[in-house]
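Working notes, beginning with the structure itself.
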Amino acid sequence: MTTVAERPAQHLGFGRMHRKEDARFIRGKGTYVDDVRLPGMLHGAILRSPYAHARIVSIDTSAAQAHPKVKAVITGETLAGLNLAWMPTLSHDVQAVLATDKVRFQGQEVAFVVAEDRYAARDALELIEVEYEPLPAVVDARRALDPDAPVIRDDLEGKTDNHIFDWEAGDRARTDEVFASAEVVVAQDMLYPRVHPAPLETCGAVADFDKVTGKLTVWTTTQAPHAHRTVYALVAGLPEHKIRIISPDIGGGFGGKVGIYPGYVLAVVGSIVTGKPVKWVEDRSENLMSTAFARDYHMHGEIAATRDGKILAVRVKVLADHGAFNGTAQPSKYPAGFFHIFTGSYDLQAAHCQVTGVYTNKAPGGVAYACSFRVTEAVYLIERMVDLLAAELGMDPAELRMRNLLRPEQFPYTTPTGWEYDSGDYPRALRLAMDIAGYERLRAEQARPRDDGLLTGIGISFFTEGVGAGPRRHMDILGLGMADGAELRVHPTGKAVLRISVQTQGQGHETTFAQIVAHELGIPAEDVEVVHGDTDQTPFGLGTYGSRSTPVSGAATAMVARKVRERAKIVAAAALEVAPDDLEWEHGRWQVAGDPDRGKTIAELALLAHSNLELPEGVEGHLDATCVYNPPNLTYPFGAYICVVEVDPGTGVVKVRRFIAVDDCGVRINPMIVEGQIHGGLADGVGMALMQVMAFDQDGNHLGASFMDYLLPTALECPSWELGETVTPSPHHPIGAKGVGESATVGSPAAVVNAVIDALRPYGVRHVDMPLTPANVWSAIHGRPLRTDLAIP
Ligand code: CDP
């Protein structure tokens, strides 16, 4: 007999529910790209440049071609013959698939070997002779526009410098005016260093071109399968319906798997050339060296205020290092992403930013690593500036924030740079974080000298993110508008299949999207299968990044479920022999108003919809529906974070003792998944604040191409997170949800840095750039460098 405890629980809507996908993941039954094995499959490996900048004099592949297991050696010249040597980037630039003229960053793709196995392919790389003529490299973005700087992109016609773009937002004149009459102005240079998403699974692809049907199937690590299919069609000239992109289980994307990497294209070319399926999977060093980085923003911030602490305006200048090709994935209109949300959570009179993008001899990128298109940089900037202002005014940073946070009655609120924040109660979130932290008590404790000589620091950050791109009239990538589709089929027995265009990389979409259907239709989430990540099986949409899944595809899911509900209503009316207007939706079923005993569930109606029930003229059978959701606005999640650190002034070592995170992402579909997202993001933020930087030497050699040098945070660096929540629904989202996937990564670095700087107050330290490694903290305390290596962040 099955006891109640053994019976599987059924989830009829929102709430805690174990992830459906965990059943396969915890048993090691996930299918990642590297698990795909096809009959006759060959393996590819990439020869990469050892130089950051060098002219290619010659490439001799004869010895590699002669290797008994090698099937093909492809160079830039081979690709040039196919018109495939260059591919478009997501930012309207071009990137070399394989270098033809020059290499422009260390690790750039130079040749591709296809062999019978992965080992032979790698062995054969060593048989390729490349003669390079080294050129001076541009490594420091601040030198990229010097008149004598070597021109990196001489492939672009007429290009005589390393300038990519200038972009601005806000009202410059008005901002200057406010600054001119302000009582207090604080300025600071700061760098958000180059960091890397470093997902557990590196990038890869298995390409299978069927010469008979002309169909190309690519299993690949992508967060945006539909966008990839369109780009492949445009680049390779293949008909789009003959391309199938399958994004199977993905071991983390974090924005790094949005773009198309040369390796993907090479796997496709390898398959076309050899007539066999070709697998290419990069190793960890390749991933760190050549796939997209994030941040690398040199920022000059200024904040204007009254002496009694009313913030008036913010002014920012940014120098953005985009690497050798402009491969950043931002909506077309916004080359600096959503950086102009830098006015943060405060009520300002004016703001202005100017961003200049430059080429350097580093890998391309600037991706939205757990970030909605440069929101992370924006939040870091404003939250550091507010703390600097508090120090200047001698005010408590919590008090300064409380004084300036937007008030609930100001929503919807239009910022001086043009965003329309949907909803929020910011003071409530900050007060809750302070209560959980015991803020006043902590400050009193901090004021007492400690016997152990350690310094206590308390740091706050408050963030507002804009997540859920579109609307499509404002936001597109390569002309593809940012809207998402959803299709919902209800089988005769009431089980459902939801097809969505976003692609989970570990966020639990198979669970939460089923919960949305359950919430809307009363079908248990266990009975809803979520299909994603296969362009042949799902509707078009722009993919998962910038926490857009819930705001866009989640909304599409609710809307398509509502369409099904409306179809079911007609069936219910016919079955119950009443007019549709006499029905009401209650407790997951259509019932006769005033006669709740007469009603039908969706499962019952699904069966009737497939039966011989007489339906009104013009009404089709079945309940299935499709929809495309074009969001009217972004959603604006927010949060208040408090970090408590201990700093050892003798060693510079920082220990995060406590971290309090109050997040508001509107209605929570699955609080357990939300908390998991926040835990992960907080760990990420601690890593960025304290440990991570992709550094280069003066010749452009990469100094962080392994996890020995590029440090990932572990449980040892993380405290036991203390979470709180407020719920301010988004007024325009059908279920009131806002995104949350990246909030904690966006909000947390500033809290950690603010805490460390707070601890260093006795030493008069104003600012230290991330990462706050022991060496950097020690140097700040002692006013001299601890190390004199050549690293340039
Ligand atoms: O686009 P991405 O999935 O990375 O971010 P998201 O839309 O913020 O969602 C991350 C995960 O949290 C998904 O499984 C969401 O459905 C879930 N979530 C939730 O349960 N409630 C919210 N209010 C927001 C997200």
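In the structure tokens, chains take letters A, B, ... by order of appearance, with residues numbered from 1 within each chain and ligands from 1 in the order shown.
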
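Secondary structure from DSSP on the backbone puts alpha helix (DSSP H) at the following positions of segment 240-372 of chain A: A:Pro262, A:Gly263, A:Tyr264, A:Val265, A:Leu266, A:Ala267, A:Val268, A:Val269, A:Gly270, A:Ser271, A:Ile272, A:Val273, A:Thr274, A:Arg284, A:Ser285, A:Glu286, A:Asn287, A:Leu288, A:Met289, A:Ser290.
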
Review point. Within 6 Å of ligand 1, counting only C-alpha atoms and all ligand atoms, which protein or nucleic acid residues do you find, written as JSON, numbers by chain?
Key: {"A": [507, 508, 509, 512, 544, 545, 547, 548, 549, 550, 665, 666, 667, 668, 669, 670, 671, 673, 674, 737, 738, 739, 740, 741]}

Review point. Which neighbours of segment 291-305 of chain A fall inside 6 Å, counting only C-alpha atoms, when residues of the same chain fewer than 3 positions from it are skipped, and could you give them as a ChimeraX atom specification?
Key: /A:179,182,184-196,256,287,310-321,364-367,369

Check your understanding: Any idea what's packed within 7 Å of Val571 of chain A, counting only C-alpha atoms, ignoring anything in its chain fewer than 4 positions away? Could you give it as number ranges by chain?
Key -> A: 567, 575, 605, 609, 615

Practice item. Could you check which of A:Cys627, A:Ala66, A:Val94, A:Val206 is closest to Leu127 of chain A, using only C-alpha atoms? Key: A:Ala66

**Study point:** For Pro637 of chain A: contacts at 12 Å, only C-alpha atoms, fewer than 3 positions along chain excluded, given as a VMD selection string
**Key:** chain A and resid 344 to 345 372 375 421 to 426 429 462 to 468 547 to 548 550 to 551 634 640 662 to 668 725 to 730 736 to 744 746 to 747
